[in-house]
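Shown below: final06.txt, with compact mmCIF, C-alpha atoms and all ligand atoms.
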```txt
# COMPACT_ATOMS: atom_id res chain seq x y z
CA MET Q 1 -18.96 43.26 24.81
CA ALA Q 2 -18.50 46.45 26.81
CA PHE Q 3 -17.70 48.48 23.72
CA LEU Q 4 -20.28 47.00 21.34
CA LYS Q 5 -23.39 47.13 23.47
CA ASN Q 6 -24.62 50.60 22.65
CA ASN Q 7 -23.77 50.69 18.97
CA LYS Q 8 -25.84 50.63 15.80
CA PHE Q 9 -24.76 48.20 13.10
CA LEU Q 10 -25.08 48.11 9.35
CA ILE Q 11 -24.31 44.84 7.57
CA LEU Q 12 -23.73 45.29 3.86
CA GLY Q 13 -24.32 41.91 2.24
CA ALA Q 14 -25.91 39.16 4.30
CA GLY Q 15 -24.80 36.04 2.45
CA ASN Q 16 -22.85 33.27 4.21
CA MET Q 17 -20.45 35.56 6.04
CA GLY Q 18 -22.76 38.49 6.78
CA THR Q 19 -25.40 36.16 8.21
CA SER Q 20 -22.86 34.60 10.60
CA PHE Q 21 -22.14 38.05 12.03
CA ILE Q 22 -25.85 38.90 12.31
CA LYS Q 23 -26.47 35.67 14.23
CA ALA Q 24 -23.49 36.35 16.48
CA LEU Q 25 -24.71 39.88 17.27
CA LEU Q 26 -28.16 38.57 18.21
CA GLN Q 27 -26.71 35.71 20.26
CA ASN Q 28 -24.66 38.26 22.15
CA LYS Q 29 -27.81 40.13 23.13
CA ILE Q 30 -27.40 43.05 20.79
CA SER Q 31 -30.93 44.32 20.27
CA ALA Q 32 -32.40 43.58 16.82
CA SER Q 33 -33.53 47.22 16.71
CA LYS Q 34 -29.86 48.21 16.39
CA ILE Q 35 -29.09 45.97 13.42
CA PHE Q 36 -29.77 47.13 9.87
CA ILE Q 37 -29.05 44.92 6.91
CA LEU Q 38 -28.63 45.83 3.28
CA GLU Q 39 -29.18 42.73 1.19
CA LYS Q 40 -30.56 42.25 -2.30
CA ARG Q 41 -31.47 38.59 -1.98
CA ILE Q 42 -32.99 37.47 1.31
CA SER Q 43 -32.04 33.86 1.99
CA PRO Q 44 -34.40 31.43 3.78
CA GLU Q 45 -32.07 31.59 6.80
CA LEU Q 46 -32.27 35.37 6.92
CA LYS Q 47 -36.07 35.18 6.61
CA LYS Q 48 -36.16 32.85 9.60
CA ILE Q 49 -34.00 35.24 11.64
CA ARG Q 50 -36.24 38.16 10.69
CA LEU Q 51 -39.34 36.22 11.71
CA LYS Q 52 -37.88 35.53 15.16
CA LYS Q 53 -36.02 38.74 15.86
CA LYS Q 54 -37.56 41.44 13.67
CA ILE Q 55 -34.25 42.67 12.25
CA LYS Q 56 -34.53 45.25 9.49
CA ILE Q 57 -33.52 43.98 6.07
CA LEU Q 58 -33.54 46.56 3.30
CA LYS Q 59 -32.84 46.10 -0.36
CA VAL Q 60 -31.60 49.60 -1.13
CA VAL Q 61 -29.83 52.36 0.78
CA SER Q 62 -32.70 54.82 0.28
CA LYS Q 63 -34.91 52.68 2.53
CA LEU Q 64 -32.66 53.21 5.57
CA PRO Q 65 -34.23 55.57 8.13
CA LYS Q 66 -33.42 59.23 7.61
CA ASN Q 67 -30.59 60.32 9.90
CA PHE Q 68 -29.49 56.71 10.41
CA ARG Q 69 -25.77 56.75 11.16
CA PRO Q 70 -24.33 53.32 12.00
CA ASP Q 71 -21.44 53.11 14.47
CA ILE Q 72 -20.10 49.94 12.87
CA VAL Q 73 -20.42 48.85 9.24
CA LEU Q 74 -19.49 45.36 8.04
CA LEU Q 75 -18.64 45.11 4.35
CA ALA Q 76 -19.48 41.52 3.40
CA VAL Q 77 -20.40 41.59 -0.28
CA LYS Q 78 -18.35 39.79 -2.93
CA PRO Q 79 -15.25 41.69 -4.13
CA ASN Q 80 -16.80 42.51 -7.52
CA GLN Q 81 -19.96 43.86 -5.86
CA LEU Q 82 -18.29 46.40 -3.59
CA ASP Q 83 -18.04 49.30 -6.00
CA SER Q 84 -21.70 49.35 -6.87
CA ALA Q 85 -22.84 48.53 -3.31
CA VAL Q 86 -21.06 51.53 -1.78
CA ASN Q 87 -22.83 54.26 -3.70
CA GLU Q 88 -22.86 58.01 -3.06
CA GLU Q 89 -25.85 57.74 -0.74
CA LEU Q 90 -24.14 55.12 1.40
CA VAL Q 91 -20.83 56.99 1.46
CA ASN Q 92 -22.60 59.90 3.18
CA ILE Q 93 -24.24 57.63 5.74
CA ILE Q 94 -21.02 55.85 6.75
CA SER Q 95 -18.65 58.81 6.74
CA ASP Q 96 -18.13 58.68 10.54
CA SER Q 97 -18.62 54.94 11.08
CA LEU Q 98 -16.05 52.31 11.87
CA ILE Q 99 -15.94 50.28 8.66
CA ILE Q 100 -14.74 46.68 8.80
CA SER Q 101 -14.18 44.88 5.52
CA ILE Q 102 -13.86 41.11 5.31
CA ILE Q 103 -13.78 41.22 1.51
CA ALA Q 104 -11.02 39.09 0.05
CA GLY Q 105 -8.40 40.94 -1.94
CA LYS Q 106 -9.61 44.48 -1.27
CA LYS Q 107 -6.67 46.42 0.09
CA ILE Q 108 -7.00 49.18 2.65
CA ARG Q 109 -6.10 51.86 0.09
CA GLU Q 110 -8.83 50.78 -2.26
CA LEU Q 111 -11.31 50.36 0.58
CA LYS Q 112 -10.67 53.91 1.75
CA LYS Q 113 -11.05 55.20 -1.78
CA ILE Q 114 -14.40 53.46 -2.18
CA THR Q 115 -15.80 54.30 1.27
CA ARG Q 116 -14.14 57.70 1.34
CA ASN Q 117 -13.77 57.07 5.06
CA LYS Q 118 -10.06 57.65 5.56
CA ASN Q 119 -9.81 57.45 9.32
CA ASN Q 120 -11.85 54.50 10.44
CA THR Q 121 -11.58 51.81 7.80
CA VAL Q 122 -10.21 48.45 8.91
CA ARG Q 123 -9.36 45.40 6.85
CA ALA Q 124 -10.01 41.92 8.20
CA MET Q 125 -10.01 38.35 6.97
CA THR Q 126 -11.64 35.31 8.47
CA ASN Q 127 -12.78 31.77 7.64
CA THR Q 128 -15.97 29.72 7.39
CA PRO Q 129 -16.13 28.37 10.98
CA VAL Q 130 -17.36 31.89 11.88
CA SER Q 131 -20.83 30.40 11.32
CA LEU Q 132 -20.34 28.50 14.61
CA GLY Q 133 -18.51 31.28 16.42
CA MET Q 134 -15.30 29.29 15.82
CA GLY Q 135 -13.69 31.46 13.18
CA THR Q 136 -10.04 32.42 13.02
CA SER Q 137 -9.71 36.05 12.03
CA ILE Q 138 -7.05 38.65 11.47
CA LEU Q 139 -7.34 42.42 11.64
CA TYR Q 140 -5.15 44.98 9.95
CA PHE Q 141 -5.17 48.54 11.30
CA ASP Q 142 -3.73 51.23 9.11
CA LYS Q 143 -1.74 54.02 10.72
CA GLY Q 144 -3.72 56.65 12.58
CA ILE Q 145 -6.71 54.60 13.59
CA LYS Q 146 -7.92 55.55 17.07
CA LYS Q 147 -7.68 53.15 20.00
CA LYS Q 148 -11.43 53.33 20.53
CA TYR Q 149 -12.05 52.03 17.00
CA LYS Q 150 -9.39 49.37 17.33
CA ASN Q 151 -11.13 48.04 20.42
CA LEU Q 152 -14.52 48.10 18.71
CA ALA Q 153 -13.13 46.18 15.73
CA ARG Q 154 -11.48 43.60 18.00
CA GLU Q 155 -14.69 43.09 19.90
CA PHE Q 156 -16.79 42.85 16.78
CA LEU Q 157 -14.64 40.12 15.25
CA ALA Q 158 -14.39 38.31 18.58
CA LEU Q 159 -18.14 37.71 18.28
CA VAL Q 160 -17.36 35.02 15.69
CA GLY Q 161 -14.19 33.49 17.12
CA GLN Q 162 -10.51 34.09 17.74
CA VAL Q 163 -8.97 37.44 16.69
CA ASN Q 164 -5.35 38.11 15.74
CA GLU Q 165 -3.65 41.20 14.40
CA ALA Q 166 -1.44 41.71 11.35
CA LYS Q 167 1.59 43.97 11.64
CA ASN Q 168 1.52 44.70 7.93
CA GLU Q 169 -1.10 44.34 5.26
CA SER Q 170 0.82 41.72 3.29
CA ALA Q 171 0.29 39.29 6.20
CA ILE Q 172 -3.35 39.11 5.05
CA ASP Q 173 -2.20 37.18 1.95
CA SER Q 174 -0.46 34.45 3.93
CA PHE Q 175 -3.33 34.44 6.45
CA THR Q 176 -5.78 33.88 3.58
CA ALA Q 177 -3.62 31.07 2.20
CA ILE Q 178 -3.23 29.30 5.56
CA TYR Q 179 -6.43 30.04 7.48
CA GLY Q 180 -8.93 31.39 4.96
CA SER Q 181 -8.44 28.34 2.75
CA GLY Q 182 -7.41 26.18 5.74
CA PRO Q 183 -10.75 24.44 6.28
CA ALA Q 184 -10.49 23.06 2.71
CA TYR Q 185 -7.11 21.43 3.48
CA ILE Q 186 -8.56 19.76 6.54
CA TYR Q 187 -11.66 18.58 4.68
CA LEU Q 188 -9.47 17.15 1.92
CA MET Q 189 -7.56 15.12 4.48
CA ILE Q 190 -10.85 13.93 6.01
CA GLU Q 191 -12.25 13.03 2.59
CA SER Q 192 -9.09 11.13 1.67
CA LEU Q 193 -9.09 9.11 4.89
CA ILE Q 194 -12.79 8.27 4.45
CA LYS Q 195 -12.10 6.98 0.93
CA ILE Q 196 -9.15 4.88 2.09
CA SER Q 197 -11.10 3.52 5.05
CA SER Q 198 -14.14 2.63 2.91
CA LYS Q 199 -11.92 0.96 0.34
CA ALA Q 200 -10.36 -1.09 3.13
CA GLY Q 201 -13.88 -2.36 3.86
CA HIS Q 202 -14.71 -0.45 7.04
CA LYS Q 203 -18.34 0.36 7.63
CA ASN Q 204 -19.07 3.67 9.35
CA SER Q 205 -15.88 5.16 7.88
CA GLU Q 206 -17.13 8.75 7.88
CA ASN Q 207 -18.02 8.67 11.57
CA MET Q 208 -14.78 6.94 12.47
CA VAL Q 209 -12.66 9.48 10.63
CA ILE Q 210 -14.53 12.44 12.14
CA GLN Q 211 -14.19 10.91 15.62
CA THR Q 212 -10.46 10.42 15.06
CA PHE Q 213 -10.06 14.08 14.12
CA LEU Q 214 -12.23 15.29 16.95
CA GLY Q 215 -10.57 13.04 19.53
CA SER Q 216 -7.09 14.05 18.41
CA LEU Q 217 -7.98 17.74 18.54
CA LEU Q 218 -9.57 17.47 21.96
CA LEU Q 219 -6.51 15.63 23.21
CA LEU Q 220 -4.34 18.43 21.89
CA MET Q 221 -6.61 21.07 23.39
CA SER Q 222 -6.60 19.37 26.78
CA GLY Q 223 -3.32 21.24 27.00
CA ASN Q 224 -1.02 18.58 28.42
CA SER Q 225 1.15 18.15 25.33
CA ASN Q 226 1.82 19.89 22.06
CA ALA Q 227 1.23 18.39 18.60
CA LYS Q 228 4.82 17.18 18.23
CA THR Q 229 4.78 15.27 21.53
CA LEU Q 230 1.38 13.75 20.81
CA ARG Q 231 2.60 12.63 17.38
CA GLU Q 232 5.76 11.15 18.92
CA ASN Q 233 3.63 9.33 21.50
CA VAL Q 234 1.83 7.43 18.73
CA THR Q 235 5.05 6.67 16.90
CA SER Q 236 6.89 3.74 18.38
CA LYS Q 237 10.18 2.76 16.81
CA GLY Q 238 9.70 0.28 13.98
CA GLY Q 239 5.92 0.40 14.34
CA THR Q 240 3.02 1.09 11.97
CA THR Q 241 2.85 4.87 12.48
CA GLN Q 242 6.55 5.23 11.84
CA ALA Q 243 6.12 3.28 8.61
CA ALA Q 244 3.40 5.70 7.47
CA LEU Q 245 5.26 8.80 8.64
CA SER Q 246 8.37 7.76 6.76
CA ILE Q 247 6.34 8.47 3.62
CA LEU Q 248 4.35 11.49 4.87
CA ASN Q 249 7.49 13.13 6.24
CA SER Q 250 9.78 12.20 3.35
CA HIS Q 251 11.56 14.73 1.18
CA ASN Q 252 8.49 15.55 -0.91
CA GLY Q 253 6.03 14.59 1.80
CA MET Q 254 3.29 16.47 3.62
CA PRO Q 255 5.23 19.41 5.13
CA LYS Q 256 6.81 20.23 1.76
CA LEU Q 257 3.57 19.67 -0.14
CA LEU Q 258 1.57 21.86 2.24
CA SER Q 259 4.19 24.55 2.09
CA ARG Q 260 4.11 24.51 -1.73
CA ALA Q 261 0.31 24.55 -1.77
CA ILE Q 262 0.10 27.45 0.67
CA ASN Q 263 2.72 29.40 -1.20
CA LYS Q 264 0.69 29.02 -4.37
CA ALA Q 265 -2.46 30.17 -2.55
CA ARG Q 266 -0.58 33.18 -1.14
CA LYS Q 267 0.65 34.16 -4.60
CA ARG Q 268 -2.90 33.83 -5.91
CA SER Q 269 -4.13 36.08 -3.10
CA ILE Q 270 -1.53 38.69 -4.09
CA GLU Q 271 -2.58 38.42 -7.74
CA LEU Q 272 -6.27 38.80 -6.90
CA SER Q 273 -5.54 41.86 -4.74
CA SER Q 274 -3.70 43.58 -7.54
CA ASN Q 275 -6.42 43.15 -10.17
N1 LIG Q 301 -16.53 32.34 2.30
C1 LIG Q 301 -15.34 32.48 2.90
O1 LIG Q 301 -14.64 31.54 3.27
C2 LIG Q 301 -14.84 33.86 3.20
C3 LIG Q 301 -13.85 34.03 4.17
C4 LIG Q 301 -13.43 35.32 4.48
C5 LIG Q 301 -13.96 36.40 3.78
N2 LIG Q 301 -14.90 36.18 2.81
C6 LIG Q 301 -15.39 37.35 2.08
O2 LIG Q 301 -16.68 37.64 2.57
C7 LIG Q 301 -17.43 38.26 1.55
C8 LIG Q 301 -18.79 37.62 1.50
O3 LIG Q 301 -18.65 36.24 1.19
P1 LIG Q 301 -19.91 35.30 1.22
O4 LIG Q 301 -19.41 33.92 1.03
O5 LIG Q 301 -20.76 35.63 2.41
O6 LIG Q 301 -20.66 35.82 -0.13
P2 LIG Q 301 -22.19 35.77 -0.49
O7 LIG Q 301 -22.84 34.61 0.19
O8 LIG Q 301 -22.31 35.90 -1.99
O9 LIG Q 301 -22.77 37.10 0.19
C9 LIG Q 301 -22.77 38.37 -0.35
C10 LIG Q 301 -24.21 38.88 -0.36
O10 LIG Q 301 -24.24 40.27 -0.65
C11 LIG Q 301 -25.34 40.53 -1.51
N3 LIG Q 301 -25.16 41.78 -2.23
C12 LIG Q 301 -24.44 42.02 -3.34
N4 LIG Q 301 -24.50 43.31 -3.72
C13 LIG Q 301 -25.30 43.93 -2.83
C14 LIG Q 301 -25.75 45.26 -2.69
N5 LIG Q 301 -25.43 46.22 -3.56
N6 LIG Q 301 -26.55 45.55 -1.65
C15 LIG Q 301 -26.90 44.60 -0.79
N7 LIG Q 301 -26.52 43.31 -0.88
C16 LIG Q 301 -25.72 42.97 -1.87
C17 LIG Q 301 -25.33 39.32 -2.42
O11 LIG Q 301 -26.55 39.18 -3.12
P3 LIG Q 301 -26.53 38.42 -4.57
O12 LIG Q 301 -26.18 37.01 -4.30
O13 LIG Q 301 -27.91 38.61 -5.08
O14 LIG Q 301 -25.49 39.10 -5.41
C18 LIG Q 301 -25.07 38.19 -1.42
O15 LIG Q 301 -26.26 37.71 -0.83
C19 LIG Q 301 -16.64 38.10 0.24
O16 LIG Q 301 -16.11 39.34 -0.16
C20 LIG Q 301 -15.53 37.15 0.58
O17 LIG Q 301 -14.33 37.50 -0.08
C21 LIG Q 301 -15.36 34.95 2.53
```
Kindly transcribe the structure held in the file into structure tokens.
Amino acid sequence: MAFLKNNKFLILGAGNMGTSFIKALLQNKISASKIFILEKRISPELKKIRLKKKIKILKVVSKLPKNFRPDIVLLAVKPNQLDSAVNEELVNIISDSLIISIIAGKKIRELKKITRNKNNTVRAMTNTPVSLGMGTSILYFDKGIKKKYKNLAREFLALVGQVNEAKNESAIDSFTAIYGSGPAYIYLMIESLIKISSKAGHKNSENMVIQTFLGSLLLLMSGNSNAKTLRENVTSKGGTTQAALSILNSHNGMPKLLSRAINKARKRSIELSSN
């Protein structure tokens, strides 16, 4: 927090993602007077935040205070909204800011062209648990970006969870496929187990499945053993788990299926970035 404390922020687009960052800034004791939001459609959640914290939500750039120059700008509109959102007026305001984009598929070259901020534009990607401060994010720094801005970007993303760095921009595509879409893979597994459990006649299936996930994760996070060891611990020779794993781990089983699925997602990410 040392770097962020004295900065002014501009959040462009306060939908699901933008709002998570706004909440995280406020929770980390950044003064509401330093947070400006550009958002066309003010959600009930944003209204609630404004009521409590008096953040400034503006619909158009021209309503920003004269001479307002944000230190950090978060680009969090949808990919197809970026061009029109970053208009001439905004380009002038953010010319010296650190600009962090979490917009899927927008490459650093295109971002720099749109923002016309060549030195301090950073590309990032993250996932939905950011709303709880439990996101997994990745940052990509183009050549030439100053250390000071790198540290600011790291600290900003750390507000919403764990931060990692990509050595090259193409790593964002596999990150998106594994971690951006990742929550959906986990929810699909949860949904499937709930269905199977309910069909087998268990009451309270949803709670039981969630508890099994949570318990298994906490066990893993207790740090005594890694996932492989914990899996082996449940798998006695000739037992029930081994019977199930012989299918899940078979030639076309879960590792192969996941790998194929993620590869398809990665290819889709590449396609979307080149449109
Ligand atoms: N959801 C994810 O898992 C995820 C993960 C990582 C990154 N992202 C990226 O994060 C970005 C935001 O996603 P999201 O789910 O938060 O989308 P979202 O809920 O649609 O939020 C975007 C918000 O920006 C507003 N907006 C659009 N144009 C504007 C303008 N010119 N000025 C001010 N506000 C404007 C939109 O208003 P309207 O609705 O009225 O257009 C909307 O409320 C996307 O680019 C996405 O690729 C998403």
Residues near Leu82 in chain Q, cut-off 10 Å, all atoms listed in the file, skip fewer than 4 positions along chain, as a short mmCIF file (atom, residue, chain, number, x, y, z; two decimals) with C-alpha atoms, in the coordinates of the input:
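So selection-v2.cif came out as:
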```cif
data_model
loop_
_atom_site.label_atom_id
_atom_site.label_comp_id
_atom_site.auth_asym_id
_atom_site.auth_seq_id
_atom_site.Cartn_x
_atom_site.Cartn_y
_atom_site.Cartn_z
CA LEU Q 12 -23.73 45.29 3.86
CA GLY Q 13 -24.32 41.91 2.24
CA LEU Q 75 -18.64 45.11 4.35
CA ALA Q 76 -19.48 41.52 3.40
CA VAL Q 77 -20.40 41.59 -0.28
CA LYS Q 78 -18.35 39.79 -2.93
CA VAL Q 86 -21.06 51.53 -1.78
CA ASN Q 87 -22.83 54.26 -3.70
CA ILE Q 103 -13.78 41.22 1.51
CA LYS Q 106 -9.61 44.48 -1.27
CA LEU Q 111 -11.31 50.36 0.58
CA ILE Q 114 -14.40 53.46 -2.18
CA THR Q 115 -15.80 54.30 1.27
#
```
Worksheet item: To one decimal place, how far is atom C11 of ligand LIG 301 (chain Q) from CA of Arg123 in chain Q in Å?
Response: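 If I compute the distance from atom C11 of ligand LIG 301 (chain Q) to CA of Arg123 in chain Q, I get 18.7 Å.
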Practice prompt. Just give me the gap between CA of Arg41 in chain Q and CA of Asn6 in chain Q in Å, one decimal is fine.
Written response: 28.2 Å
Practice prompt. List all protein, DNA and RNA residues that have an atom no more than 9 Å from any atom of ligand LIG 301 (chain Q), counting all atoms listed in the file, and report them as a ChimeraX atom specification.
Written response: /Q:11-20,37-43,58-61,75-87,101-106,124-130,137,176,180-181,183
Fill in: Residues within 10 Å of (-25.8, 30.1, 16.2), file coords, all atoms listed in the file, listed as a PyMOL selection string
chain Q and resi 20-27+130-133+160
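Compared by their closest atoms to Ile100 in chain Q, and using only C-alpha atoms, the residues Q:Lys199, Q:Lys112, Q:Lys47, Q:Lys147 rank with Q:Lys112 nearest.
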If we count all atoms listed in the file and set the cut-off at 8 Å, which residues sit around Ile270 in chain Q, ignoring sequence neighbours fewer than 3 positions away in its own chain? Please answer as a compact mmCIF listing (two decimals) with C-alpha atoms, keeping the file's coordinate frame.
```
# COMPACT_ATOMS: atom_id res chain seq x y z
CA GLY Q 105 -8.40 40.94 -1.94
CA ASP Q 173 -2.20 37.18 1.95
CA ARG Q 266 -0.58 33.18 -1.14
CA LYS Q 267 0.65 34.16 -4.60
CA SER Q 273 -5.54 41.86 -4.74
CA SER Q 274 -3.70 43.58 -7.54
```
Practice prompt. Can you work out the spacing between CA of Leu4 in chain Q and CA of Asp142 in chain Q in Å, to one decimal?
Written response: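 Those two atoms sit 21.0 Å apart.
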Fill in: Phe141 in chain Q environment, 12 Å, all atoms listed in the file, sequence neighbours closer than 6 positions dropped, as a list in words
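After dropping sequence-adjacent residues, the list is Leu98, Ile99, Ile100, Ser101, Lys107, Ile108, Arg109, Lys118, Asn119, Asn120, Thr121, Val122, Arg123, Ala124, Lys147, Tyr149, Lys150, Asn151, Leu152, Ala153, Arg154, Asn164, Glu165, Ala166, Lys167, Asn168, Glu169, Ala171 and Ile172 of chain Q.
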Output the selection as a CSV table (one decimal), in the frame of the given file - C-alpha atoms for each residue.
```csv
chain,number,residue,atom,x,y,z
Q,98,LEU,CA,-16.0,52.3,11.9
Q,99,ILE,CA,-15.9,50.3,8.7
Q,100,ILE,CA,-14.7,46.7,8.8
Q,101,SER,CA,-14.2,44.9,5.5
Q,107,LYS,CA,-6.7,46.4,0.1
Q,108,ILE,CA,-7.0,49.2,2.6
Q,109,ARG,CA,-6.1,51.9,0.1
Q,118,LYS,CA,-10.1,57.6,5.6
Q,119,ASN,CA,-9.8,57.4,9.3
Q,120,ASN,CA,-11.8,54.5,10.4
Q,121,THR,CA,-11.6,51.8,7.8
Q,122,VAL,CA,-10.2,48.4,8.9
Q,123,ARG,CA,-9.4,45.4,6.8
Q,124,ALA,CA,-10.0,41.9,8.2
Q,147,LYS,CA,-7.7,53.2,20.0
Q,149,TYR,CA,-12.0,52.0,17.0
Q,150,LYS,CA,-9.4,49.4,17.3
Q,151,ASN,CA,-11.1,48.0,20.4
Q,152,LEU,CA,-14.5,48.1,18.7
Q,153,ALA,CA,-13.1,46.2,15.7
Q,154,ARG,CA,-11.5,43.6,18.0
Q,164,ASN,CA,-5.4,38.1,15.7
Q,165,GLU,CA,-3.6,41.2,14.4
Q,166,ALA,CA,-1.4,41.7,11.4
Q,167,LYS,CA,1.6,44.0,11.6
Q,168,ASN,CA,1.5,44.7,7.9
Q,169,GLU,CA,-1.1,44.3,5.3
Q,171,ALA,CA,0.3,39.3,6.2
Q,172,ILE,CA,-3.4,39.1,5.0
```
For range 194-213 of chain Q, what centre and edge lengths in Å (one decimal) does the axis-aligned box get once 4 Å is added on each side of all its listed atoms, as JSON?
```
{"center_x": -14.1, "center_y": 5.9, "center_z": 8.0, "size_x": 17.9, "size_y": 24.4, "size_z": 23.3}
```
Within 9 Å of range 246-261 of chain Q, counting only C-alpha atoms, which residues show up once you throw out same-chain ones fewer than 4 positions away? Write them as a PDB file with C-alpha atoms, keeping the file's coordinate frame, please.
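So result.pdb came out as:
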```
ATOM      1  CA  ALA Q 177      -3.620  31.070   2.200  1.00  0.00           C
ATOM      2  CA  TYR Q 185      -7.110  21.430   3.480  1.00  0.00           C
ATOM      3  CA  THR Q 241       2.850   4.870  12.480  1.00  0.00           C
ATOM      4  CA  GLN Q 242       6.550   5.230  11.840  1.00  0.00           C
ATOM      5  CA  ALA Q 265      -2.460  30.170  -2.550  1.00  0.00           C
ATOM      6  CA  ARG Q 266      -0.580  33.180  -1.140  1.00  0.00           C
TER       7      ARG Q 266
END
```
